[in-house]
>>> print(open('final.tsv').read())   # TSV, C-alpha atoms
chain	number	residue	atom	x	y	z
E	51	MET	CA	-8.61	-28.28	-24.09
E	52	THR	CA	-9.62	-26.58	-20.86
E	53	THR	CA	-9.61	-23.00	-19.61
E	54	ALA	CA	-7.83	-21.36	-16.68
E	55	ARG	CA	-7.69	-17.90	-15.19
E	56	GLN	CA	-5.01	-15.30	-15.83
E	57	ILE	CA	-4.34	-11.85	-14.35
E	58	HIS	CA	-3.89	-9.27	-17.12
E	59	LEU	CA	-2.67	-5.69	-17.05
E	60	VAL	CA	-5.32	-3.78	-19.00
E	61	ARG	CA	-4.03	-0.22	-18.57
E	62	ARG	CA	-0.85	1.52	-17.43
E	63	PRO	CA	-1.08	2.70	-13.81
E	64	ASN	CA	-1.10	6.40	-13.11
E	65	GLY	CA	0.93	6.47	-9.91
E	66	LYS	CA	0.08	3.69	-7.47
E	67	PRO	CA	-1.71	0.79	-9.19
E	68	VAL	CA	-5.43	0.38	-8.57
E	69	ALA	CA	-7.70	-2.61	-9.05
E	70	GLN	CA	-9.09	-1.23	-12.32
E	71	ASP	CA	-5.62	-1.54	-13.92
E	72	PHE	CA	-6.02	-5.34	-13.89
E	73	ALA	CA	-8.50	-7.92	-15.12
E	74	LEU	CA	-9.22	-11.55	-14.33
E	75	VAL	CA	-9.45	-13.37	-17.66
E	76	GLU	CA	-10.41	-16.92	-18.66
E	77	ALA	CA	-8.05	-18.30	-21.32
E	78	PRO	CA	-7.73	-21.65	-23.08
E	79	VAL	CA	-5.04	-24.09	-21.93
E	80	ALA	CA	-3.88	-26.84	-24.29
E	81	ASP	CA	-2.71	-30.29	-23.30
E	82	ALA	CA	1.05	-30.82	-23.25
E	83	ALA	CA	2.46	-31.74	-26.66
E	84	ASP	CA	5.75	-33.54	-27.33
E	85	GLY	CA	8.56	-31.84	-25.38
E	86	GLU	CA	6.12	-29.87	-23.24
E	87	ILE	CA	4.73	-29.88	-19.72
E	88	GLN	CA	1.52	-28.57	-18.24
E	89	VAL	CA	1.86	-26.87	-14.85
E	90	THR	CA	-0.75	-25.86	-12.29
E	91	ALA	CA	0.19	-22.95	-10.03
E	92	LEU	CA	0.36	-23.43	-6.26
E	93	LEU	CA	1.95	-20.20	-4.99
E	94	MET	CA	2.73	-16.89	-6.68
E	95	SER	CA	5.09	-14.18	-5.53
E	96	VAL	CA	4.17	-10.50	-5.37
E	97	ASP	CA	7.17	-8.15	-5.25
E	98	PRO	CA	7.93	-4.42	-5.46
E	99	TYR	CA	10.05	-4.90	-8.60
E	100	MET	CA	6.84	-5.70	-10.47
E	101	ARG	CA	5.69	-2.07	-10.29
E	102	PRO	CA	8.30	-0.52	-12.68
E	103	ARG	CA	7.64	-3.33	-15.15
E	104	LEU	CA	4.04	-2.18	-15.46
E	105	ASP	CA	5.36	0.96	-17.16
E	106	ALA	CA	7.85	-0.82	-19.41
E	107	ASP	CA	8.17	-4.47	-20.43
E	108	GLN	CA	4.77	-5.63	-19.16
E	109	ALA	CA	2.50	-5.99	-22.19
E	110	LEU	CA	-1.12	-4.87	-21.98
E	111	ASP	CA	-3.83	-7.52	-22.16
E	112	ALA	CA	-1.30	-10.23	-21.34
E	113	PRO	CA	-0.55	-12.26	-18.19
E	114	LEU	CA	1.08	-10.27	-15.41
E	115	LEU	CA	4.80	-11.01	-15.28
E	116	GLY	CA	5.94	-12.85	-12.19
E	117	GLY	CA	7.23	-16.06	-10.69
E	118	GLY	CA	5.92	-18.86	-8.58
E	119	ILE	CA	5.84	-22.53	-7.66
E	120	GLY	CA	3.64	-25.05	-9.43
E	121	ARG	CA	3.10	-28.78	-9.91
E	122	VAL	CA	3.55	-30.63	-13.19
E	123	THR	CA	0.16	-32.11	-14.14
E	124	GLN	CA	1.12	-33.42	-17.59
E	125	SER	CA	4.58	-34.18	-18.97
E	126	LYS	CA	5.87	-35.12	-22.39
E	127	ASN	CA	9.30	-33.73	-21.57
E	128	PRO	CA	11.92	-36.17	-20.23
E	129	LYS	CA	13.32	-33.55	-17.83
E	130	PHE	CA	10.09	-33.49	-15.84
E	131	LYS	CA	7.65	-36.03	-14.46
E	132	GLU	CA	4.06	-35.62	-13.39
E	133	GLY	CA	3.85	-34.50	-9.78
E	134	ASP	CA	7.17	-32.61	-9.81
E	135	LEU	CA	7.24	-29.34	-7.92
E	136	VAL	CA	8.74	-26.64	-10.12
E	137	ARG	CA	9.79	-23.03	-9.95
E	138	HIS	CA	8.67	-20.92	-12.89
E	139	SER	CA	8.59	-17.41	-14.29
E	140	ALA	CA	5.52	-17.97	-16.46
E	141	GLY	CA	3.50	-15.12	-14.99
E	142	PHE	CA	0.13	-15.02	-13.30
E	143	ARG	CA	-1.57	-17.99	-14.95
E	144	GLU	CA	-3.39	-20.68	-12.99
E	145	THR	CA	-2.37	-23.34	-15.50
E	146	PHE	CA	0.11	-23.08	-18.37
E	147	VAL	CA	1.99	-25.15	-20.92
E	148	SER	CA	5.77	-24.79	-21.32
E	149	ASP	CA	8.60	-26.36	-23.28
E	150	GLY	CA	10.57	-26.31	-20.02
E	151	ARG	CA	12.47	-23.08	-20.54
E	152	GLY	CA	12.27	-20.89	-17.44
E	153	VAL	CA	11.02	-23.86	-15.40
E	154	SER	CA	13.17	-25.87	-12.97
E	155	VAL	CA	12.47	-28.79	-10.68
E	156	LEU	CA	12.33	-27.80	-7.01
E	157	ASN	CA	14.07	-30.24	-4.71
E	158	ARG	CA	12.27	-29.40	-1.50
E	159	ASP	CA	13.65	-30.14	1.95
E	160	PRO	CA	10.78	-32.01	3.67
E	161	GLU	CA	11.57	-30.31	6.98
E	162	LEU	CA	10.77	-26.85	5.58
E	163	PRO	CA	7.43	-25.41	4.42
E	164	LEU	CA	7.01	-24.93	0.69
E	165	SER	CA	6.42	-21.20	1.13
E	166	VAL	CA	10.03	-20.53	2.23
E	167	TYR	CA	11.12	-21.40	-1.32
E	168	MET	CA	9.29	-18.26	-2.39
E	169	HIS	CA	11.30	-15.98	-0.10
E	170	ALA	CA	14.20	-16.99	2.16
E	171	LEU	CA	15.17	-19.93	-0.09
E	172	GLY	CA	14.02	-18.24	-3.27
E	173	GLY	CA	14.72	-15.05	-5.17
E	174	THR	CA	14.22	-12.93	-2.06
E	175	GLY	CA	16.90	-14.82	-0.17
E	176	VAL	CA	19.31	-14.83	-3.10
E	177	THR	CA	18.82	-11.07	-3.43
E	178	ALA	CA	19.56	-10.51	0.26
E	179	TYR	CA	22.51	-12.92	0.43
E	180	GLY	CA	24.16	-11.88	-2.82
E	181	GLY	CA	23.48	-8.18	-2.39
E	182	LEU	CA	24.90	-8.06	1.13
E	183	LEU	CA	27.82	-10.49	0.88
E	184	GLY	CA	28.63	-10.12	-2.81
E	185	THR	CA	27.86	-6.56	-3.94
E	186	GLY	CA	28.07	-5.17	-0.41
E	187	ALA	CA	31.24	-7.14	0.40
E	188	LEU	CA	30.21	-7.33	4.05
E	189	LYS	CA	32.95	-8.02	6.58
E	190	ASP	CA	32.24	-9.58	9.96
E	191	GLY	CA	31.57	-7.04	12.69
E	192	GLU	CA	30.76	-4.07	10.45
E	193	GLN	CA	28.14	-1.34	10.92
E	194	VAL	CA	25.04	-1.99	8.78
E	195	PHE	CA	21.90	-0.03	7.97
E	196	VAL	CA	18.97	-1.70	6.19
E	197	SER	CA	15.99	0.23	4.86
E	198	THR	CA	12.58	-1.51	4.87
E	199	ALA	CA	14.08	-3.98	7.29
E	200	GLY	CA	10.64	-5.44	8.00
E	201	GLY	CA	10.17	-6.44	4.37
E	202	ALA	CA	10.90	-9.75	2.69
E	203	VAL	CA	14.40	-8.83	1.50
E	204	GLY	CA	15.34	-6.38	4.23
E	205	SER	CA	14.52	-8.74	7.08
E	206	VAL	CA	16.79	-11.44	5.63
E	207	VAL	CA	19.58	-8.91	5.08
E	208	ALA	CA	19.34	-7.72	8.68
E	209	GLN	CA	19.51	-11.26	10.02
E	210	ILE	CA	22.44	-12.31	7.85
E	211	ALA	CA	24.29	-9.23	9.08
E	212	LYS	CA	23.57	-10.22	12.69
E	213	ILE	CA	24.79	-13.77	12.00
E	214	LYS	CA	28.02	-12.17	10.73
E	215	GLY	CA	28.45	-10.34	14.03
E	216	CYS	CA	27.50	-6.90	12.74
E	217	TYR	CA	25.83	-3.97	14.46
E	218	VAL	CA	22.53	-3.59	12.58
E	219	VAL	CA	20.09	-0.70	12.32
E	220	GLY	CA	16.83	-1.12	10.42
E	221	SER	CA	14.07	1.22	9.32
E	222	THR	CA	10.42	0.33	8.96
E	223	GLY	CA	7.08	2.10	8.79
E	224	THR	CA	4.92	0.55	11.52
E	225	ASP	CA	5.20	-0.07	15.24
E	226	GLU	CA	4.23	-3.73	14.69
E	227	LYS	CA	7.12	-4.31	12.28
E	228	ALA	CA	9.47	-2.36	14.54
E	229	ALA	CA	8.53	-4.57	17.51
E	230	TRP	CA	9.12	-7.75	15.47
E	231	LEU	CA	12.54	-6.54	14.34
E	232	ARG	CA	13.53	-5.53	17.84
E	233	ASP	CA	12.02	-8.36	19.90
E	234	GLU	CA	12.01	-11.36	17.56
E	235	VAL	CA	14.81	-10.69	15.09
E	236	GLY	CA	16.99	-8.92	17.65
E	237	ILE	CA	18.60	-6.18	15.58
E	238	ASP	CA	20.37	-3.45	17.51
E	239	ALA	CA	18.23	-0.41	16.69
E	240	VAL	CA	14.98	0.19	14.82
E	241	ILE	CA	13.71	3.45	13.34
E	242	ASN	CA	10.04	4.01	12.55
E	243	TYR	CA	10.60	6.51	9.76
E	244	LYS	CA	6.93	7.52	9.74
E	245	LYS	CA	7.09	8.69	13.36
E	246	GLU	CA	10.70	9.85	13.76
E	247	ASN	CA	12.95	12.33	12.00
E	248	LEU	CA	14.84	9.86	9.88
E	249	ALA	CA	18.13	11.74	9.58
E	250	GLU	CA	18.28	12.56	13.29
E	251	ALA	CA	17.28	9.06	14.37
E	252	LEU	CA	19.81	7.43	12.06
E	253	LYS	CA	22.59	9.68	13.32
E	254	ALA	CA	21.76	8.74	16.90
E	255	ALA	CA	21.53	5.03	16.07
E	256	THR	CA	24.87	4.87	14.22
E	257	PRO	CA	27.52	6.37	16.55
E	258	LYS	CA	30.22	4.42	14.66
E	259	GLY	CA	28.86	5.33	11.24
E	260	ILE	CA	27.74	2.92	8.50
E	261	ASP	CA	29.97	0.55	6.55
E	262	VAL	CA	27.19	-1.02	4.46
E	263	TYR	CA	23.84	0.54	3.67
E	264	PHE	CA	21.49	-1.95	2.01
E	265	GLU	CA	19.31	0.32	-0.11
E	266	ASN	CA	15.68	-0.56	-0.76
E	267	VAL	CA	14.00	2.86	-0.68
E	268	GLY	CA	15.96	5.79	-2.11
E	269	GLY	CA	14.92	9.38	-1.50
E	270	ALA	CA	15.04	10.50	2.12
E	271	HIS	CA	16.55	7.20	3.26
E	272	LEU	CA	19.50	7.52	0.90
E	273	ASP	CA	19.88	11.19	1.81
E	274	ALA	CA	20.00	10.32	5.52
E	275	ALA	CA	22.44	7.45	5.07
E	276	LEU	CA	25.03	9.15	2.85
E	277	PRO	CA	26.49	11.51	5.51
E	278	ARG	CA	26.74	8.58	7.94
E	279	MET	CA	28.77	6.37	5.60
E	280	ASN	CA	32.28	5.48	6.72
E	281	LEU	CA	35.34	5.77	4.51
E	282	ARG	CA	35.08	3.27	1.64
E	283	GLY	CA	31.57	2.29	2.64
E	284	ARG	CA	29.39	0.32	0.27
E	285	ILE	CA	25.79	0.86	-0.80
E	286	PRO	CA	24.33	-2.16	-2.61
E	287	VAL	CA	21.20	-0.89	-4.35
E	288	CYS	CA	18.43	-3.48	-4.34
E	289	GLY	CA	15.53	-1.13	-5.03
E	290	MET	CA	14.15	2.38	-4.70
E	291	ILE	CA	10.55	1.78	-3.82
E	292	SER	CA	9.92	5.44	-2.97
E	293	THR	CA	10.14	6.25	-6.69
E	294	TYR	CA	8.17	3.36	-8.19
E	295	ASN	CA	4.82	5.13	-8.38
E	296	GLY	CA	6.22	8.22	-10.08
E	297	ASP	CA	6.80	10.42	-7.04
E	298	GLY	CA	9.87	10.32	-4.83
E	299	GLU	CA	12.12	12.68	-2.90
E	300	GLY	CA	15.24	14.49	-3.95
E	301	VAL	CA	18.70	13.46	-2.74
E	302	LYS	CA	21.04	16.30	-1.72
E	303	ASN	CA	23.97	14.46	-0.16
E	304	LEU	CA	25.43	12.60	-3.14
E	305	PHE	CA	28.66	14.61	-2.75
E	306	SER	CA	29.38	12.30	0.21
E	307	LEU	CA	30.27	9.63	-2.34
E	308	ILE	CA	33.33	11.59	-3.43
E	309	TYR	CA	35.30	12.27	-0.27
E	310	GLY	CA	34.05	9.12	1.44
E	311	ARG	CA	35.24	7.00	-1.50
E	312	ILE	CA	31.85	5.29	-1.22
E	313	ARG	CA	30.88	2.64	-3.74
E	314	MET	CA	27.20	2.56	-4.72
E	315	GLU	CA	26.26	-0.32	-7.01
E	316	GLY	CA	23.00	-1.77	-8.26
E	317	PHE	CA	22.42	-5.49	-8.67
E	318	VAL	CA	19.77	-8.09	-9.47
E	319	ALA	CA	19.26	-11.60	-8.11
E	320	GLY	CA	20.65	-13.21	-11.26
E	321	ASP	CA	24.10	-11.72	-10.62
E	322	PHE	CA	25.15	-14.40	-8.13
E	323	PRO	CA	25.28	-17.89	-9.71
E	324	HIS	CA	28.73	-18.32	-8.17
E	325	LEU	CA	27.20	-17.96	-4.69
E	326	ASN	CA	24.25	-20.29	-5.27
E	327	ALA	CA	25.67	-23.42	-3.62
E	328	ALA	CA	26.84	-21.50	-0.56
E	329	PHE	CA	23.51	-19.69	-0.37
E	330	LEU	CA	21.46	-22.90	-0.42
E	331	SER	CA	23.67	-24.52	2.22
E	332	ASP	CA	23.80	-21.50	4.51
E	333	MET	CA	20.14	-20.51	4.23
E	334	THR	CA	18.82	-24.04	4.70
E	335	GLY	CA	20.91	-24.38	7.84
E	336	TRP	CA	19.92	-20.97	9.18
E	337	LEU	CA	16.22	-21.68	8.66
E	338	LYS	CA	16.38	-25.07	10.33
E	339	SER	CA	18.32	-23.70	13.29
E	340	GLY	CA	15.98	-20.75	13.72
E	341	GLN	CA	18.72	-18.20	13.05
E	342	ILE	CA	16.65	-16.82	10.20
E	343	LYS	CA	13.10	-15.90	11.14
E	344	TYR	CA	10.49	-14.76	8.66
E	345	GLN	CA	7.00	-13.40	8.27
E	346	GLU	CA	4.55	-14.13	5.50
E	347	THR	CA	1.41	-12.37	4.33
E	348	ILE	CA	-0.53	-14.94	2.32
E	349	LEU	CA	-3.67	-13.98	0.41
E	350	ASP	CA	-5.84	-16.97	-0.42
E	351	GLY	CA	-7.15	-17.00	-3.97
E	352	PHE	CA	-5.60	-16.46	-7.39
E	353	GLU	CA	-7.88	-13.49	-8.07
E	354	ARG	CA	-6.30	-11.56	-5.16
E	355	ALA	CA	-2.97	-11.01	-6.93
E	356	PRO	CA	-3.71	-7.35	-7.81
E	357	GLU	CA	-4.76	-6.74	-4.20
E	358	GLY	CA	-1.43	-8.15	-3.06
E	359	LEU	CA	0.60	-5.98	-5.42
E	360	ILE	CA	-1.31	-2.82	-4.50
E	361	GLY	CA	-0.97	-3.68	-0.81
E	362	LEU	CA	2.83	-3.64	-1.01
E	363	PHE	CA	2.74	0.12	-1.51
E	364	ASP	CA	0.41	0.62	1.46
E	365	GLY	CA	2.68	-1.41	3.76
E	366	LEU	CA	0.01	-4.06	4.26
E	367	ASN	CA	2.45	-6.95	4.16
E	368	ASN	CA	4.45	-8.33	7.05
E	369	GLY	CA	7.41	-9.97	5.35
E	370	LYS	CA	6.82	-11.75	2.06
E	371	MET	CA	3.57	-11.21	0.14
E	372	LEU	CA	2.33	-14.45	-1.40
E	373	ILE	CA	-0.76	-15.57	-3.28
E	374	HIS	CA	-1.96	-19.07	-2.36
E	375	ILE	CA	-3.70	-20.82	-5.23
E	376	ALA	CA	-3.68	-24.54	-4.45
E	377	ASP	CA	-2.01	-27.14	-2.22
>>> encode(input="final.tsv", output="structure tokens")
Amino acid sequence: MTTARQIHLVRRPNGKPVAQDFALVEAPVADAADGEIQVTALLMSVDPYMRPRLDADQALDAPLLGGGIGRVTQSKNPKFKEGDLVRHSAGFRETFVSDGRGVSVLNRDPELPLSVYMHALGGTGVTAYGGLLGTGALKDGEQVFVSTAGGAVGSVVAQIAKIKGCYVVGSTGTDEKAAWLRDEVGIDAVINYKKENLAEALKAATPKGIDVYFENVGGAHLDAALPRMNLRGRIPVCGMISTYNGDGEGVKNLFSLIYGRIRMEGFVAGDFPHLNAAFLSDMTGWLKSGQIKYQETILDGFERAPEGLIGLFDGLNNGKMLIHIAD
């Protein structure tokens, strides 16, 4: 039996998480028994959805919940062989043993970097694709607004909308992200909500209104978008990051839902198994052709996972936040 490191939550955050809410812990790791595999982590994902879980289903003094990619180092399970790359949801553990539940073999395209399977070809991409095309029922050529368009999900949403011939407006919080969205991604208008009056800027940027608002923020963003929604517009709700640390802004314009016959619907990535084959085909092709561009912020070292999570709420990531553990 060996030991490996884990990231534990040791106290509930009070507002934005801080480093003292987490601990790096050495824990024993058994060899794989019959029907089991042992997996060593290669990459871990850090995502905004992890923050609400710290107040709810995340146990104290237990590995931080999360997903990643690993390599099978021992196998006594016929579904896996040593050396297989796998996706997992086993949490922030450098090495772990599993009976195979929640673990799946990753069939990687050799022409694409492994990291894209943690965002554009992973849960991030499924969230963007399913939320926009499924829940949002996007039609070609519509008017689209995406909040946090410089983020991992938002940037993919904006680019899918452009591929579908839509007019796309995105919001972001830094000039650097705004320049990337405008010059590299090529969306039609970008709002730096930290420097501009959001409601006024959105009104000016959407002269034909909004058919689909992809919601990642809530608060002032939702309040600004609601009066701009066209008749029978759709608001797929991916997240409301402005509320995750216990603060948030009030929303006054919800009455717009009534007379605009606007549909506002939440969703999670697991809602779209029926779209999975189309997603994999489309996204692989878009990545290879360069139609989907991406940014990654990769922190090197397992112990930096709390830093990555905290950094999401300070806007320190460009695109997807990842923790690199091993090659």
>>> closest_atom_pairs(input="final.tsv", of="segment 287-309 of chain E", to="segment 257-274 of chain E", cutoff="9 Å", atoms="all atoms listed in the file", output="CSV")
residue,atom,partner,partner_atom,distance
E:Val287,CA,E:Glu265,CA,4.8
E:Cys288,CA,E:Asn266,CA,5.4
E:Gly289,CA,E:Asn266,CA,4.3
E:Met290,CA,E:Val267,CA,4.1
E:Ile291,CA,E:Val267,CA,4.8
E:Ser292,CA,E:Val267,CA,5.3
E:Thr293,CA,E:Gly268,CA,7.4
E:Gly298,CA,E:Gly269,CA,6.1
E:Glu299,CA,E:Gly269,CA,4.5
E:Gly300,CA,E:Gly269,CA,5.7
E:Val301,CA,E:Asp273,CA,5.2
E:Lys302,CA,E:Asp273,CA,6.3
E:Asn303,CA,E:Asp273,CA,5.6
E:Leu304,CA,E:Asp273,CA,7.6
>>> residues_around(input="final.tsv", residues="Asp134 of chain E", least_positions_apart="5", cutoff="8 Å", atoms="all atoms listed in the file", output="list of chain:residue names")
E:Arg121, E:Val122, E:Val155, E:Leu156
>>> closest_residue(input="final.tsv", among="E:Gln193, E:Asn247, E:Gln209, E:Asn367", to="Trp336 of chain E", atoms="all atoms listed in the file")
E:Gln209
>>> closest_residue(input="final.tsv", among="E:Asp364, E:Asp71, E:Glu132, E:Asp238", to="Glu86 of chain E", atoms="only C-alpha atoms")
E:Glu132
>>> closest_residue(input="final.tsv", among="E:Thr347, E:Asn127, E:Thr53, E:Asn242", to="His374 of chain E", atoms="all atoms listed in the file")
E:Thr347
>>> residues_around(input="final.tsv", residues="Cys216 of chain E", least_positions_apart="4", cutoff="6 Å", atoms="only C-alpha atoms", output="ChimeraX atom specification")
/E:191-193,211-212
>>> residues_around(input="final.tsv", residues="Pro113 of chain E", least_positions_apart="3", cutoff="6 Å", atoms="only C-alpha atoms", output="list in words")
Gln56, Ile57, His58, Gly141 and Phe142 of chain E
>>> residues_around(input="final.tsv", residues="Val219 of chain E", least_positions_apart="5", cutoff="6 Å", atoms="all atoms listed in the file", output="PDB file with C-alpha atoms, keeping the file's coordinate frame")
ATOM      1  CA  PHE E 195      21.900  -0.030   7.970  1.00  0.00           C
ATOM      2  CA  ASP E 238      20.370  -3.450  17.510  1.00  0.00           C
ATOM      3  CA  ALA E 239      18.230  -0.410  16.690  1.00  0.00           C
ATOM      4  CA  VAL E 240      14.980   0.190  14.820  1.00  0.00           C
TER       5      VAL E 240
END
>>> residues_near_point(input="final.tsv", point="(18.5, -11.9, -9.1)", cutoff="9 Å", atoms="only C-alpha atoms", output="PyMOL selection string")
chain E and resi 173-174+176-177+180+317-322
>>> closest_residue(input="final.tsv", among="E:Gly117, E:Pro163, E:Arg354, E:Glu246", to="Asp97 of chain E", atoms="all atoms listed in the file")
E:Gly117
>>> residues_around(input="final.tsv", residues="Asp105 of chain E", least_positions_apart="4", cutoff="8 Å", atoms="all atoms listed in the file", output="mmCIF file with C-alpha atoms, keeping the file's coordinate frame")
data_model
loop_
_atom_site.group_PDB
_atom_site.id
_atom_site.type_symbol
_atom_site.label_atom_id
_atom_site.label_comp_id
_atom_site.auth_asym_id
_atom_site.auth_seq_id
_atom_site.Cartn_x
_atom_site.Cartn_y
_atom_site.Cartn_z
ATOM 1 C CA ARG E 62 -0.850 1.520 -17.430
ATOM 2 C CA PRO E 63 -1.080 2.700 -13.810
ATOM 3 C CA ARG E 101 5.690 -2.070 -10.290
#
>>> axis_aligned_box(input="final.tsv", around="segment 200-208 of chain E", padding_each_side="8 Å", output="lines of an AutoDock Vina configuration file")
center_x = 14.9
center_y = -8.4
center_z = 5.1
size_x = 25.4
size_y = 22.0
size_z = 23.2
>>> atom_distance(input="final.tsv", atom1="atom CA of Tyr344 of chain E", atom2="atom CA of Gly369 of chain E")
6.6 Å
